[in-house]
Structures are given as structure tokens and as C-alpha cells.
>>> print(open('input.cif').read())   # mmCIF, C-alpha atoms
data_work
#
loop_
_atom_site.label_atom_id
_atom_site.label_comp_id
_atom_site.auth_asym_id
_atom_site.auth_seq_id
_atom_site.Cartn_x
_atom_site.Cartn_y
_atom_site.Cartn_z
CA MET A 237 -7.88 10.60 0.89
CA GLU A 238 -6.05 13.90 0.96
CA PRO A 239 -6.01 15.67 4.33
CA TYR A 240 -7.37 19.18 4.76
CA ILE A 241 -6.56 21.50 7.65
CA THR A 242 -7.92 24.75 9.03
CA VAL A 243 -5.54 27.68 9.46
CA ASN A 244 -6.60 30.48 11.79
CA ILE A 245 -5.39 33.60 9.99
CA GLU A 246 -3.94 36.49 11.99
CA ASP A 247 -5.73 39.81 11.48
CA GLU A 248 -3.10 41.61 9.39
CA SER A 249 -2.69 38.62 7.04
CA ASN A 250 -6.35 38.32 6.08
CA ASP A 251 -6.05 40.34 2.85
CA ILE A 252 -2.81 38.68 1.69
CA LEU A 253 -4.06 35.09 1.49
CA THR A 254 -5.90 34.10 -1.69
CA VAL A 255 -7.44 30.90 -3.04
CA GLY A 256 -4.88 28.80 -4.92
CA ARG A 257 -1.86 30.23 -3.07
CA MET A 258 0.79 27.88 -1.70
CA VAL A 259 1.52 28.05 2.03
CA MET A 260 4.53 26.67 3.88
CA PHE A 261 4.14 25.06 7.31
CA LYS A 262 6.73 24.61 10.05
CA LYS A 263 6.38 22.47 13.15
CA GLU A 264 7.20 23.95 16.55
CA ALA A 265 9.84 21.87 18.30
CA ASP A 266 8.53 22.26 21.85
CA SER A 267 4.79 21.76 21.20
CA GLU A 268 2.32 20.36 18.67
CA ARG A 269 1.75 23.80 17.16
CA ILE A 270 2.25 24.25 13.44
CA GLY A 271 2.77 27.71 11.97
CA ALA A 272 1.61 28.80 8.51
CA TYR A 273 4.03 31.00 6.54
CA LEU A 274 4.15 32.94 3.28
CA PRO A 275 7.55 33.64 1.65
CA ILE A 276 7.86 37.42 2.14
CA THR A 277 5.16 38.04 4.73
CA GLY A 278 6.28 35.52 7.35
CA ARG A 279 3.89 33.79 9.73
CA ILE A 280 0.25 34.35 8.82
CA GLY A 281 -1.36 32.07 11.39
CA TRP A 282 -1.53 28.67 13.06
CA VAL A 283 -3.08 25.32 12.19
CA ALA A 284 -6.24 24.92 14.29
CA ASN A 285 -6.10 22.37 17.10
CA ASP A 286 -9.41 22.66 18.94
CA ARG A 287 -12.97 22.00 17.79
CA GLU A 288 -14.10 25.60 18.26
CA SER A 289 -11.55 26.96 15.79
CA MET A 290 -11.60 24.08 13.26
CA VAL A 291 -13.87 23.78 10.25
CA LYS A 292 -15.81 20.50 10.42
CA GLY A 293 -14.14 17.74 8.39
CA THR A 294 -10.58 19.09 8.66
CA CYS A 295 -7.69 17.60 10.64
CA SER A 296 -6.21 19.20 13.75
CA SER A 297 -2.52 20.02 14.12
CA SER A 298 -2.05 17.30 16.74
CA ARG A 299 -3.55 14.73 14.36
CA ILE A 300 -1.18 15.51 11.47
CA TYR A 301 1.90 16.42 13.56
CA ASP A 302 3.52 12.96 13.39
CA ALA A 303 2.50 12.31 9.78
CA VAL A 304 4.27 15.29 8.24
CA SER A 305 7.89 16.41 8.02
CA ALA A 306 9.26 19.46 9.87
CA VAL A 307 8.50 21.68 6.86
CA PHE A 308 5.68 20.91 4.45
CA HIS A 309 3.34 22.72 2.07
CA GLY A 310 -0.33 23.11 1.26
CA LYS A 311 -2.65 24.88 -1.17
CA VAL A 312 -5.42 27.26 -0.11
CA MET A 313 -8.77 25.85 -1.25
CA PHE A 314 -11.28 28.07 0.60
CA ILE A 315 -11.24 31.21 2.74
CA VAL A 316 -14.04 31.79 5.24
CA ASP A 317 -13.84 34.90 7.48
CA ASP A 318 -10.60 34.49 9.47
CA CYS A 319 -9.99 30.84 8.51
CA ALA A 320 -8.47 29.16 5.47
CA ILE A 321 -9.10 25.55 4.48
CA ILE A 322 -5.90 24.14 3.06
CA LYS A 323 -5.23 20.90 1.20
CA LEU A 324 -1.96 19.36 2.35
CA ILE A 325 0.66 18.31 -0.16
CA ILE A 326 2.37 15.35 1.45
CA GLU A 327 5.47 14.01 -0.24
CA LYS A 328 6.16 10.35 0.23
CA LYS A 329 9.34 9.79 2.18
CA GLN A 330 11.90 7.51 0.61
CA GLN A 331 13.20 4.72 2.75
CA GLU A 332 16.50 5.74 4.27
CA ILE A 333 19.41 3.32 4.30
CA GLN A 334 21.73 3.53 7.25
CA LEU A 335 25.42 3.68 6.52
CA PHE A 336 27.04 0.22 6.41
CA ASP A 337 23.74 -1.65 6.71
CA LEU A 338 24.61 -4.40 4.23
CA SER A 339 21.33 -6.31 4.51
CA ALA A 340 19.35 -3.17 3.61
CA MET A 341 21.75 -2.46 0.75
CA ARG A 342 21.25 -5.97 -0.63
CA LYS A 343 17.44 -5.68 -0.37
CA SER A 344 17.41 -2.37 -2.23
CA GLY A 345 19.69 -3.65 -4.98
CA ILE A 346 22.67 -1.41 -4.25
CA ARG A 347 25.78 -3.00 -5.62
CA GLN A 348 28.63 -3.52 -3.20
CA ILE A 349 32.12 -2.43 -4.23
#
>>> encode(input="input.cif", output="C-alpha cells")
Amino acid sequence: MEPYITVNIEDESNDILTVGRMVMFKKEADSERIGAYLPITGRIGWVANDRESMVKGTCSSSRIYDAVSAVFHGKVMFIVDDCAIIKLIIEKKQQEIQLFDLSAMRKSGIRQI
């Protein structure tokens, strides 16, 4: 199942966002807030985190915060008044191998020199 989120659009960004447009998201380091950004425009809003501002059936920012990387992307599927429903594009993370971890290197098939 692909996760969908609600983005509360700031007033001046309402005319810029269109269906099918890609949006970049950045996590805030000091809180569970996630900002929504467009390349030239900058921040256009925030991912909704409370029931009053979320569209039913979408995930909150606190729910997806640990599941996504610091920067991720999504595609606008619907726009309703001052909210956008966005389908997240989550890239699978590759397993990282720590430097000089020989057992992990052997398991992954990396040849030792």
C-alpha cells in the first residue's frame, strides 16, 4: 500500500500547485514537522499532523516521520481548497555495510583483497 499525506498549503502557494506536480519534503530536525517545497518557490506548506487538518485516510507527519529519509518526494494527486493530497514516493534504502565489517562483507558477496 502506498502512503498518502495531506499538505496544508500556505495562502500564497495555492495557485502554484497543480495535480501531477512533484513536491519535495524536508524533515525538521528539532520536531516532527515536515515541510513541503517546490524548486523555485520554496516552502509551500506543511504535512498535516492533526485530525482537523488531515483528509480522512491519509497519514500524519508523525506517522511517516521515522519511515522516510530526511529529504523525500511525492506527487500531487488531488487539490481540495487549501489542502493537497500527495502520494509519497518512497525509495527503498540499500543495506549499508560498515567499514571493516568482514562478516557483512562475506554475506553480501564482496570479495576481499
>>> atom_distance(input="input.cif", atom1="atom CA of Gly256 of chain A", atom2="atom CA of Val312 of chain A")
5.1 Å
>>> resolve_selection(input="input.cif", expression="the PyMOL selection byres ((chain A and resi 280) around 9)", output="PyMOL selection string")
chain A and resi 243-250+252-253+271-274+277-279+281-282
>>> atom_distance(input="input.cif", atom1="atom CA of Val307 of chain A", atom2="atom CA of Lys263 of chain A")
6.7 Å
>>> residues_around(input="input.cif", residues="segment 294-304 of chain A", least_positions_apart="5", cutoff="12 Å", atoms="all atoms listed in the file", output="PyMOL selection string")
chain A and resi 237-244+261-265+267-272+282-289+309-310+319-329
>>> resolve_selection(input="input.cif", expression="the PyMOL selection byres ((chain A and resi 255) around 7)", output="ChimeraX atom specification")
/A:254,256-257,312-315
>>> write_last_selection(input="input.cif", atoms="C-alpha atoms", output="PDB file, in the frame of the given file")
ATOM      1  CA  THR A 254      -5.900  34.100  -1.690  1.00  0.00           C
ATOM      2  CA  GLY A 256      -4.880  28.800  -4.920  1.00  0.00           C
ATOM      3  CA  ARG A 257      -1.860  30.230  -3.070  1.00  0.00           C
ATOM      4  CA  VAL A 312      -5.420  27.260  -0.110  1.00  0.00           C
ATOM      5  CA  MET A 313      -8.770  25.850  -1.250  1.00  0.00           C
ATOM      6  CA  PHE A 314     -11.280  28.070   0.600  1.00  0.00           C
ATOM      7  CA  ILE A 315     -11.240  31.210   2.740  1.00  0.00           C
TER       8      ILE A 315
END
